[in-house]
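Please read the structure below before turning to the comments.
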Amino acid sequence: MSEKYLVIGETRDGSLRNVTFEAIAAARKINSDAEIVGVVCGDEDLSEQAKEMIYYGADKVITIKHDNLKTYTSEGFGQAIMTIINEENPAGIVMGHTSIGKDLTPKLASKLGTGLISDAVDIETGNGKVEFIRPIYSGKAFERKITTSGLTFVTIRPNNIPSLERDEARSGDVTTKEIDITDIRTIVKEVIRKASEGVDLSEANVIVAGGRGVKSEEGFKPLQELADVLGGAVGASRGACDAEYCDYSLQIGQTGKVVTPDLYIAVGISGAIQHLAGMSNSKVIVAINKDPEANIFNVADYGIVGDLFEVIPVLIEEIKKI
Ligand code: FAD
C-alpha cells in the first residue's frame, strides 16, 4: 500500500453520521490502493463505531477517548487529530463538509501550512491526476481543483459521494489511543437542540421545505406529515424562519444549510437566489406554489401550480397508498 489517507469520523448521539462512510468512499476514490485509516474521537468507548468504519471500507481505525472530547471543540479535536497526523503521516485527510468539518480542517491545514479543498461533490481520477469538483457562485457553476504538493485536506458535501457497500466480513485493526488533551479554553456545558428529532436535515434523502407561503407554525404540520411518510426531514426558507414559523436551524440557503437530497419539495417558497444557493443541486426538485411565475419553477424538475393547503393533503393521501 503506497499512501495513507485519514478519514475523520463524526458521531451524533453516539452513532456515526453517514457522511463518515461517504468520506471513506471519497478517500478510496482519491487512491484505490491507499490504506484508509479512520479516526474517531469521543469520551466513551468507540469500538462499535470503529467497527462500522471498517465495515464501510476503512482498513484500520484509531479511537481517541478523553473526557475533553465529549463534545466538539476545535482545541480538543484539533489536538487529538494533529497527534494522529504527526504519527501516521498521511498523504491526505478527508471528512464531511459539516459544521465540524468546516471548523476543524482549515484550522489544521493552516497549522500545517498546507492546502484544503472544501465542499467537494465529486472526485475524478485519471492520467495520474486527482480532480476535485466543487460548486462555486452559490451552485451556479462547478470548478475542478487539483493539489500540486503536500498534504491534502478535503471536505466532502454530504449526500454526493455514495458510501461503499457495508460489508460485515471486512476486518481491520482497531486501536485506542491515549492522548493527553490539555489547555482547553472553551468548554461546551450544554447542547440545546431546537430542531426536531428525526432525520438529520443535512443528510436527509428527502426534504420537504416550507416558505412564507406556509403562513404559520401550524401550517408546517402537514409538511412534517409529508416528510414523515417519505422518510425525510423538514426544512425552511429564511422567509419562514424570519416569520417565526419555524426554527432557524431548519433554514436552507446561502446563510443556512446547503443540502443535496435525492428529492427536494419546495412548498410556498418563491425561489430567491439566496434560497437556491442551498438547494439547487438537489437531484430532483418539486415546487408547489400558487404563483405560476414564481422563480422556483425555473429550477424545478416538476412543478405544481396550486394552493399548498389543498395539494399537500392529497399528496400525503396518495403516497400512503403506495
Ligand atoms: P416569499 O418570497 O415571500 O415567497 C412565498 C411564496 O409562497 C410565494 O412565491 C407565493 O406565491 C407562495 N405562496 C403563498 N401562499 C401560497 C399557497 N397558499 N400555496 C402555494 N404557494 C403559496 N433566504 C433563504 O431561504 N435562505 C437563506 O439562506 C437566505 N439568506 C439570505 C442572505 C442574505 C444576505 C439576504 C439579503 C437574503 C437571504 N435570504 C435567504 C432571503 C431571501 O432573499 C428571500 O427573502 C427568502 O428566501 C424568501 O422566502 P420565501 O420564498 O419563503 O418567501
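How things are named: the first chain in the C-alpha cells is A, the next is B, and so on; residues count from 1 in each chain; ligands count from 1 in the order shown.
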
Under the rule of at most 9 Å, produce a per-residue listing of region 38-128 of chain A near region 152-168 of chain A: chain, number, name, the closest pair of atoms, and the distance in Å, as CSV, using only C-alpha atoms.
```
residue,atom,partner,partner_atom,distance
A:Lys51,CA,A:Glu168,CA,8.7
A:Glu52,CA,A:Arg166,CA,8.2
A:Ile54,CA,A:Glu168,CA,8.3
A:Tyr55,CA,A:Asp167,CA,4.8
A:Tyr56,CA,A:Arg166,CA,4.8
A:Gly57,CA,A:Leu164,CA,6.8
A:Pro90,CA,A:Thr152,CA,9.0
A:Ala91,CA,A:Thr152,CA,6.6
A:Gly92,CA,A:Thr152,CA,4.5
A:Ile93,CA,A:Phe153,CA,4.8
A:Val94,CA,A:Val154,CA,4.8
A:Met95,CA,A:Thr155,CA,5.0
A:Gly96,CA,A:Ile156,CA,4.9
A:His97,CA,A:Thr155,CA,4.8
A:Thr98,CA,A:Arg157,CA,7.6
A:Gly101,CA,A:Thr155,CA,6.6
A:Lys102,CA,A:Thr155,CA,7.6
A:Thr105,CA,A:Phe153,CA,6.7
A:Pro106,CA,A:Phe153,CA,8.3
A:Leu108,CA,A:Phe153,CA,8.7
A:Ala109,CA,A:Phe153,CA,6.8
A:Thr114,CA,A:Thr152,CA,7.0
A:Gly115,CA,A:Thr152,CA,5.8
A:Leu116,CA,A:Phe153,CA,4.6
A:Ile117,CA,A:Val154,CA,4.8
A:Ser118,CA,A:Thr155,CA,4.7
A:Asp119,CA,A:Ile156,CA,4.8
A:Ala120,CA,A:Ile156,CA,4.6
A:Val121,CA,A:Asn160,CA,5.4
A:Asp122,CA,A:Ile161,CA,6.3
A:Ile123,CA,A:Ile161,CA,8.4
```

Q: Using only C-alpha atoms, determine which residues lie at most 10 Å from Asp67 (chain A), disregarding the query and same-chain residues fewer than 2 positions distant; provide the list as a PyMOL selection string.
A: chain A and resi 42-44+65+69-71+76+181

Q: Calculate how many Å separate CA of Ile184 (chain A) from CA of Asn68 (chain A), rounding to one decimal.
A: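 These two atoms are separated by 7.8 Å.
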
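Proximity ranking of A:Cys41, A:Val174, A:Pro222, A:Asn18 relative to Asn205 (chain A) places A:Asn18 first, based on only C-alpha atoms.
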
Q: Any chance you could list, as a PyMOL selection string, the residues in region 173-251 of chain A that come up strand (DSSP E or B) when DSSP is run on the backbone?
A: chain A and resi 173-177+206-210+233-236+251

(Q) Among region 97-305 of chain A, which ones does DSSP assign to alpha helix (DSSP H) (computed from the backbone)? Answer as a PyMOL selection string. (A) chain A and resi 99-112+220-230+238-242+273-279

(Q) List as a ChimeraX atom specification the protein and nucleic acid residues lying within 8 Å of ligand 1, with only C-alpha atoms and all ligand atoms counted. (A) /A:210-215,236-240,251-257,267-278,288-292,294-296,305-309

**Q.** d(CA of Ala141 (chain A), CA of Asn281 (chain A)) in Å
**A.** 10.3 Å

Q | Nearest to Ala50 (chain A), chosen from A:Ile8, A:Val19, A:Leu104, A:Ile84, with only C-alpha atoms counted in the distances | A | A:Ile8

Q) How far is it from CA of Asp180 (chain A) to CA of Ala34 (chain A), in Å with one decimal? A)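 The value is 29.0 Å.
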
Q: Find the residues around Leu230 (chain A) up to 12 Å (only C-alpha atoms counted), leave out those fewer than 5 positions away in its own chain, and share them as a ChimeraX atom specification.
A: /A:199,204-208,223-225,262-265,315-320,322

Q | Pick from A:Arg17, A:Lys283, A:Lys189, A:Lys29, whichever lies nearest to Gly126 (chain A) using only C-alpha atoms | A |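 Between A:Arg17, A:Lys283, A:Lys189, A:Lys29, the residue approaching Gly126 (chain A) most closely is A:Lys29.
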
Q) In terms of the shortest atom-to-atom distance over only C-alpha atoms, which of A:Lys129, A:Ala287, A:Ala243, A:Ile36 is closest to Ala209 (chain A)? A) A:Ala287
